[in-house]
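The structure file final_6.pdb is reproduced below (PDB, C-alpha atoms, pLDDT in the B column).
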ATOM      1  CA  MET A  28     -23.516 -12.974  -8.684  1.00 87.00           C
ATOM      2  CA  ILE A  29     -23.832  -9.294  -7.854  1.00 92.00           C
ATOM      3  CA  LEU A  30     -20.223  -9.192  -6.659  1.00 94.00           C
ATOM      4  CA  VAL A  31     -18.992 -10.800  -9.885  1.00 93.00           C
ATOM      5  CA  ARG A  32     -20.881  -8.234 -11.954  1.00 93.00           C
ATOM      6  CA  LEU A  33     -19.458  -5.410  -9.814  1.00 91.00           C
ATOM      7  CA  ILE A  34     -15.906  -6.693 -10.288  1.00 91.00           C
ATOM      8  CA  ASP A  35     -16.430  -7.011 -14.047  1.00 92.00           C
ATOM      9  CA  TYR A  36     -17.893  -3.488 -14.158  1.00 91.00           C
ATOM     10  CA  LEU A  37     -14.902  -2.030 -12.285  1.00 89.00           C
ATOM     11  CA  ARG A  38     -12.414  -4.033 -14.363  1.00 92.00           C
ATOM     12  CA  ASP A  39     -13.921  -2.613 -17.562  1.00 93.00           C
ATOM     13  CA  ARG A  40     -13.498   0.926 -16.197  1.00 92.00           C
ATOM     14  CA  TRP A  41     -10.023   0.535 -14.676  1.00 93.00           C
ATOM     15  CA  SER A  42      -8.650   3.930 -15.789  1.00 93.00           C
ATOM     16  CA  LEU A  43     -11.680   5.707 -14.335  1.00 93.00           C
ATOM     17  CA  LEU A  44     -11.213   3.823 -11.068  1.00 92.00           C
ATOM     18  CA  VAL A  45      -7.528   4.801 -10.862  1.00 93.00           C
ATOM     19  CA  LYS A  46      -8.403   8.461 -11.498  1.00 94.00           C
ATOM     20  CA  LEU A  47     -11.071   8.299  -8.805  1.00 93.00           C
ATOM     21  CA  PHE A  48      -8.601   6.877  -6.276  1.00 91.00           C
ATOM     22  CA  LEU A  49      -6.047   9.569  -7.142  1.00 92.00           C
ATOM     23  CA  VAL A  50      -8.656  12.296  -6.633  1.00 95.00           C
ATOM     24  CA  VAL A  51      -9.639  10.822  -3.264  1.00 92.00           C
ATOM     25  CA  LEU A  52      -5.974  10.632  -2.264  1.00 85.00           C
ATOM     26  CA  ALA A  53      -5.420  14.263  -3.269  1.00 88.00           C
ATOM     27  CA  LEU A  54      -8.484  15.333  -1.280  1.00 89.00           C
ATOM     28  CA  LEU A  55      -7.186  13.492   1.779  1.00 83.00           C
ATOM     29  CA  VAL A  56      -3.800  15.214   1.529  1.00 80.00           C
ATOM     30  CA  VAL A  57      -5.532  18.596   1.151  1.00 84.00           C
ATOM     31  CA  ALA A  58      -7.759  17.826   4.151  1.00 84.00           C
ATOM     32  CA  ASP A  59      -4.666  16.908   6.138  1.00 79.00           C
ATOM     33  CA  ALA A  60      -3.067  20.241   5.208  1.00 79.00           C
ATOM     34  CA  LEU A  61      -6.008  22.312   6.469  1.00 80.00           C
ATOM     35  CA  PRO A  62      -5.297  23.355  10.058  1.00 75.00           C
ATOM     36  CA  PHE A  63      -8.942  23.457  11.183  1.00 76.00           C
ATOM     37  CA  ILE A  64      -9.499  19.804  10.231  1.00 76.00           C
ATOM     38  CA  VAL A  65      -6.332  18.180  11.589  1.00 72.00           C
ATOM     39  CA  ASP A  66      -4.684  19.657  14.677  1.00 75.00           C
ATOM     40  CA  LYS A  67      -0.909  19.580  14.288  1.00 74.00           C
ATOM     41  CA  GLU A  68      -0.095  21.504  17.455  1.00 76.00           C
ATOM     42  CA  LYS A  69       0.546  18.316  19.396  1.00 80.00           C
ATOM     43  CA  ALA A  70       2.859  16.762  16.813  1.00 79.00           C
ATOM     44  CA  HIS A  71       5.834  15.014  18.388  1.00 83.00           C
ATOM     45  CA  THR A  72       8.288  15.630  15.560  1.00 85.00           C
ATOM     46  CA  ALA A  73       8.694  18.207  12.803  1.00 84.00           C
ATOM     47  CA  ALA A  74       7.936  15.568  10.162  1.00 82.00           C
ATOM     48  CA  GLU A  75       4.448  15.057  11.602  1.00 83.00           C
ATOM     49  CA  ARG A  76       3.601  18.643  10.733  1.00 81.00           C
ATOM     50  CA  LEU A  77       4.025  17.914   7.009  1.00 80.00           C
ATOM     51  CA  PRO A  78       0.780  17.268   5.117  1.00 78.00           C
ATOM     52  CA  GLY A  79       0.375  13.593   4.297  1.00 79.00           C
ATOM     53  CA  PHE A  80       3.369  12.477   6.362  1.00 83.00           C
ATOM     54  CA  TRP A  81       1.670   9.454   7.905  1.00 83.00           C
ATOM     55  CA  SER A  82       0.200   8.425   4.557  1.00 81.00           C
ATOM     56  CA  LEU A  83       3.615   8.536   2.933  1.00 85.00           C
ATOM     57  CA  PHE A  84       5.174   6.789   5.919  1.00 91.00           C
ATOM     58  CA  GLY A  85       2.590   3.988   5.725  1.00 90.00           C
ATOM     59  CA  PHE A  86       3.043   3.578   1.977  1.00 90.00           C
ATOM     60  CA  VAL A  87       6.831   3.422   2.212  1.00 94.00           C
ATOM     61  CA  SER A  88       6.566   0.971   5.118  1.00 96.00           C
ATOM     62  CA  CYS A  89       4.293  -1.325   3.098  1.00 95.00           C
ATOM     63  CA  VAL A  90       6.669  -1.233   0.132  1.00 95.00           C
ATOM     64  CA  ILE A  91       9.588  -2.119   2.417  1.00 97.00           C
ATOM     65  CA  ILE A  92       7.596  -5.002   3.955  1.00 97.00           C
ATOM     66  CA  ILE A  93       6.801  -6.349   0.478  1.00 95.00           C
ATOM     67  CA  TYR A  94      10.421  -6.248  -0.700  1.00 95.00           C
ATOM     68  CA  VAL A  95      11.747  -7.773   2.528  1.00 94.00           C
ATOM     69  CA  SER A  96       9.155 -10.553   2.237  1.00 91.00           C
ATOM     70  CA  LYS A  97      10.197 -11.225  -1.355  1.00 90.00           C
ATOM     71  CA  LEU A  98      13.823 -11.309  -0.221  1.00 90.00           C
ATOM     72  CA  PHE A  99      13.017 -13.881   2.484  1.00 86.00           C
ATOM     73  CA  GLY A 100      11.069 -15.901  -0.056  1.00 83.00           C
ATOM     74  CA  GLY A 101      14.007 -15.936  -2.424  1.00 80.00           C
ATOM     75  CA  LEU A 102      16.451 -16.881   0.337  1.00 80.00           C
ATOM     76  CA  GLY A 103      14.786 -20.135   1.198  1.00 72.00           C
ATOM     77  CA  ILE A 104      11.138 -20.010   2.113  1.00 71.00           C
ATOM     78  CA  MET A 105      10.071 -20.730  -1.462  1.00 71.00           C
ATOM     79  CA  ARG A 106      11.760 -23.928  -2.616  1.00 68.00           C
ATOM     80  CA  ILE A 107      11.025 -26.251  -5.462  1.00 68.00           C
ATOM     81  CA  GLU A 108       8.853 -29.202  -4.556  1.00 68.00           C
ATOM     82  CA  ASP A 109      11.554 -31.831  -4.954  1.00 68.00           C
ATOM     83  CA  TYR A 110      14.063 -29.933  -2.813  1.00 62.00           C
ATOM     84  CA  TYR A 111      14.754 -32.896  -0.537  1.00 66.00           C
ATOM     85  CA  ASN A 112      15.184 -35.354  -3.420  1.00 65.00           C
ATOM     86  CA  ASP A 113      18.682 -33.973  -4.050  1.00 61.00           C
ATOM     87  CA  TYR A 114      19.866 -35.309  -0.673  1.00 60.00           C
ATOM     88  CA  PHE A 115      18.619 -38.862  -1.229  1.00 59.00           C
ATOM     89  CA  LYS A 116      20.176 -39.510  -4.662  1.00 58.00           C
TER      90      LYS A 116
END

Go ahead and render the structure in this file as structure tokens.
Amino acid sequence: MILVRLIDYLRDRWSLLVKLFLVVLALLVVADALPFIVDKEKAHTAAERLPGFWSLFGFVSCVIIIYVSKLFGGLGIMRIEDYYNDYFK
């Protein structure tokens, strides 16, 4: 019951929750940009030296995975339930 109340509480304050997540994300990007917190001397490529590169890379990768999955679903994984009935008529 506590979890249900917590979910209802957060759902009622959705805009505050989104703002909080954006602030945390901004703080993480700033922390990544500070040289004494994250050592970028051993970066393998020039892109790794950019602040927030791996966060952006992960986000873009997840978006690509979602769209590719939806594409596969539309190409044949998701079929109507009576798909095989067309062959037996």

Using the chain letters and numbering of this document, enumerate as number ranges by chain the residues selected by the PyMOL selection byres ((chain A and resi 78) around 8).
A: 56-57, 59-60, 75-77, 79-80

Enter the distance from CA of Leu83 (chain A) to CA of His71 (chain A), in Å, rounded to one decimal.
16.9 Å

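Taking CA of Arg38 (chain A) and CA of Leu52 (chain A) as the two end points, the separation is 20.1 Å.
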
Each side padded by 3 Å, which centre and which edge lengths in Å (one decimal) define the axis-aligned box around the listed atoms of region 30-33 of chain A? Give them as JSON.
{"center_x": -19.9, "center_y": -8.1, "center_z": -9.3, "size_x": 7.9, "size_y": 11.4, "size_z": 11.3}

Enter the distance from CA of Leu44 (chain A) to CA of Val90 (chain A), in Å, rounded to one decimal.
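Distance between the two atoms: 21.7 Å.
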